[in-house]
Amino acid sequence: AAAAPGAGGAVDVRHLLRLIRGEMSAAKWSAIRRAWQHVASARTEIPLEVLKKAYRPKSHPGVAAGTLSPEEALADFVTALDFVYYRSTAAAGRRAGAAPVAAPGSLRITADDFVDAYEDIACEWEDEPFEGMMRAVW
């Protein structure tokens with residue numbers, strides 16, 4: 001079932017997406033963890049701006065192939081993070097009674113947000129190309 005335990009019948013979107021996508025391979029998990037550790041070191045959350053500065057969109061395979069511009073590659077990544085962040089904070093807000101709103105420039109991304117965003121992205125890639133893309137952009 002898509003409802004999370006204790007969710008009072010509400011659908012847990014993350015859980016539902018995992019059911020649809022299936023489990024992510026160990027190789028993809030490892031690539032995502034390495035990327036987070038590279039950027040965040042031992043921190044459990046970092047400002048979105050730090051991630052954006054560390055991301056190397058010119059090294060994205062789509063940019064190298066000419067199918068994406070560097071700006072589009074960065075925008076795609078930020079959109080995935082925004083979606084995950086707002087999905088998780090809206091759910092937390094519903095539980096607390098009001099959705100939290102981040103001030104412009106203050107958005108902080110957790111390791112879980114980063115993994116969740118890349119879970120969405122990884123399902124579109126085979127293992128080896130995904131690992132190569134992760135090494136290239138991070």
# chains A, B, ... in the order shown; residues from 1 in each chain; ligands from 1
>>> residues_around(residues="stretch 19-27 of chain A", least_positions_apart="5", cutoff="8 Å", atoms="only C-alpha atoms", output="list of chain:residue names")
A:Ala2, A:Glu119, A:Ala122, A:Cys123, A:Asp127, A:Glu131
>>> write_last_selection(atoms="all heavy atoms", output="PDB file, in the first residue's frame")
ATOM      1  N   ALA A   2       0.371   2.337  -0.561  1.00  0.00           N
ATOM      2  CA  ALA A   2       1.139   3.568  -0.656  1.00  0.00           C
ATOM      3  C   ALA A   2       1.069   4.389   0.618  1.00  0.00           C
ATOM      4  O   ALA A   2       1.876   5.277   0.815  1.00  0.00           O
ATOM      5  CB  ALA A   2       0.642   4.415  -1.824  1.00  0.00           C
ATOM      6  N   GLU A 119      17.194   9.862  -6.517  1.00  0.00           N
ATOM      7  CA  GLU A 119      16.377   8.670  -6.762  1.00  0.00           C
ATOM      8  C   GLU A 119      15.465   8.929  -7.956  1.00  0.00           C
ATOM      9  O   GLU A 119      15.270   8.056  -8.805  1.00  0.00           O
ATOM     10  CB  GLU A 119      15.518   8.332  -5.542  1.00  0.00           C
ATOM     11  CG  GLU A 119      16.180   7.429  -4.562  1.00  0.00           C
ATOM     12  CD  GLU A 119      15.206   6.948  -3.511  1.00  0.00           C
ATOM     13  OE1 GLU A 119      14.638   7.781  -2.797  1.00  0.00           O
ATOM     14  OE2 GLU A 119      15.028   5.723  -3.429  1.00  0.00           O
ATOM     15  N   ALA A 122      17.883   9.040 -11.031  1.00  0.00           N
ATOM     16  CA  ALA A 122      18.579   7.773 -11.310  1.00  0.00           C
ATOM     17  C   ALA A 122      17.710   6.762 -12.047  1.00  0.00           C
ATOM     18  O   ALA A 122      18.232   5.937 -12.798  1.00  0.00           O
ATOM     19  CB  ALA A 122      19.096   7.157 -10.011  1.00  0.00           C
ATOM     20  N   CYS A 123      16.402   6.820 -11.842  1.00  0.00           N
ATOM     21  CA  CYS A 123      15.542   5.815 -12.480  1.00  0.00           C
ATOM     22  C   CYS A 123      15.560   5.942 -14.003  1.00  0.00           C
ATOM     23  O   CYS A 123      15.158   5.019 -14.702  1.00  0.00           O
ATOM     24  CB  CYS A 123      14.126   5.879 -11.926  1.00  0.00           C
ATOM     25  SG  CYS A 123      13.200   7.353 -12.342  1.00  0.00           S
ATOM     26  N   ASP A 127      23.146   1.933 -14.690  1.00  0.00           N
ATOM     27  CA  ASP A 127      24.136   2.130 -13.630  1.00  0.00           C
ATOM     28  C   ASP A 127      25.412   2.840 -14.077  1.00  0.00           C
ATOM     29  O   ASP A 127      25.799   3.853 -13.496  1.00  0.00           O
ATOM     30  CB  ASP A 127      24.519   0.792 -12.982  1.00  0.00           C
ATOM     31  CG  ASP A 127      23.450   0.266 -12.049  1.00  0.00           C
ATOM     32  OD1 ASP A 127      22.411   0.937 -11.864  1.00  0.00           O
ATOM     33  OD2 ASP A 127      23.648  -0.833 -11.505  1.00  0.00           O
ATOM     34  N   GLU A 131      26.707   6.521 -12.914  1.00  0.00           N
ATOM     35  CA  GLU A 131      27.928   6.716 -12.124  1.00  0.00           C
ATOM     36  C   GLU A 131      28.873   7.692 -12.813  1.00  0.00           C
ATOM     37  O   GLU A 131      29.458   8.566 -12.156  1.00  0.00           O
ATOM     38  CB  GLU A 131      28.638   5.383 -11.911  1.00  0.00           C
ATOM     39  CG  GLU A 131      27.893   4.443 -10.987  1.00  0.00           C
ATOM     40  CD  GLU A 131      28.595   3.111 -10.901  1.00  0.00           C
ATOM     41  OE1 GLU A 131      28.360   2.257 -11.786  1.00  0.00           O
ATOM     42  OE2 GLU A 131      29.390   2.931  -9.957  1.00  0.00           O
TER      43      GLU A 131
END
>>> atom_distance(atom1="atom CA of A:Ala10", atom2="atom CA of A:Val78")
27.1 Å
>>> closest_atom_pairs(of="stretch 30-52 of chain A", to="stretch 104-118 of chain A", cutoff="7 Å", atoms="only C-alpha atoms", output="tab-separated table")
residue	atom	partner	partner_atom	distance
A:Ile32	CA	A:Val115	CA	6.5
A:Trp36	CA	A:Ala111	CA	6.9
A:Thr44	CA	A:Ala111	CA	5.6
A:Glu45	CA	A:Thr110	CA	4.0
A:Ile46	CA	A:Arg108	CA	5.3
A:Pro47	CA	A:Arg108	CA	4.2
A:Leu48	CA	A:Arg108	CA	5.5
>>> closest_residue(among="A:His38, A:Lys28, A:His15, A:Arg135", to="A:Val50", atoms="only C-alpha atoms")
A:His38
>>> atom_distance(atom1="atom CA of A:Val11", atom2="atom CA of A:Trp29")
24.7 Å
>>> atom_distance(atom1="atom CA of A:Arg56", atom2="atom CA of A:Ala40")
15.3 Å
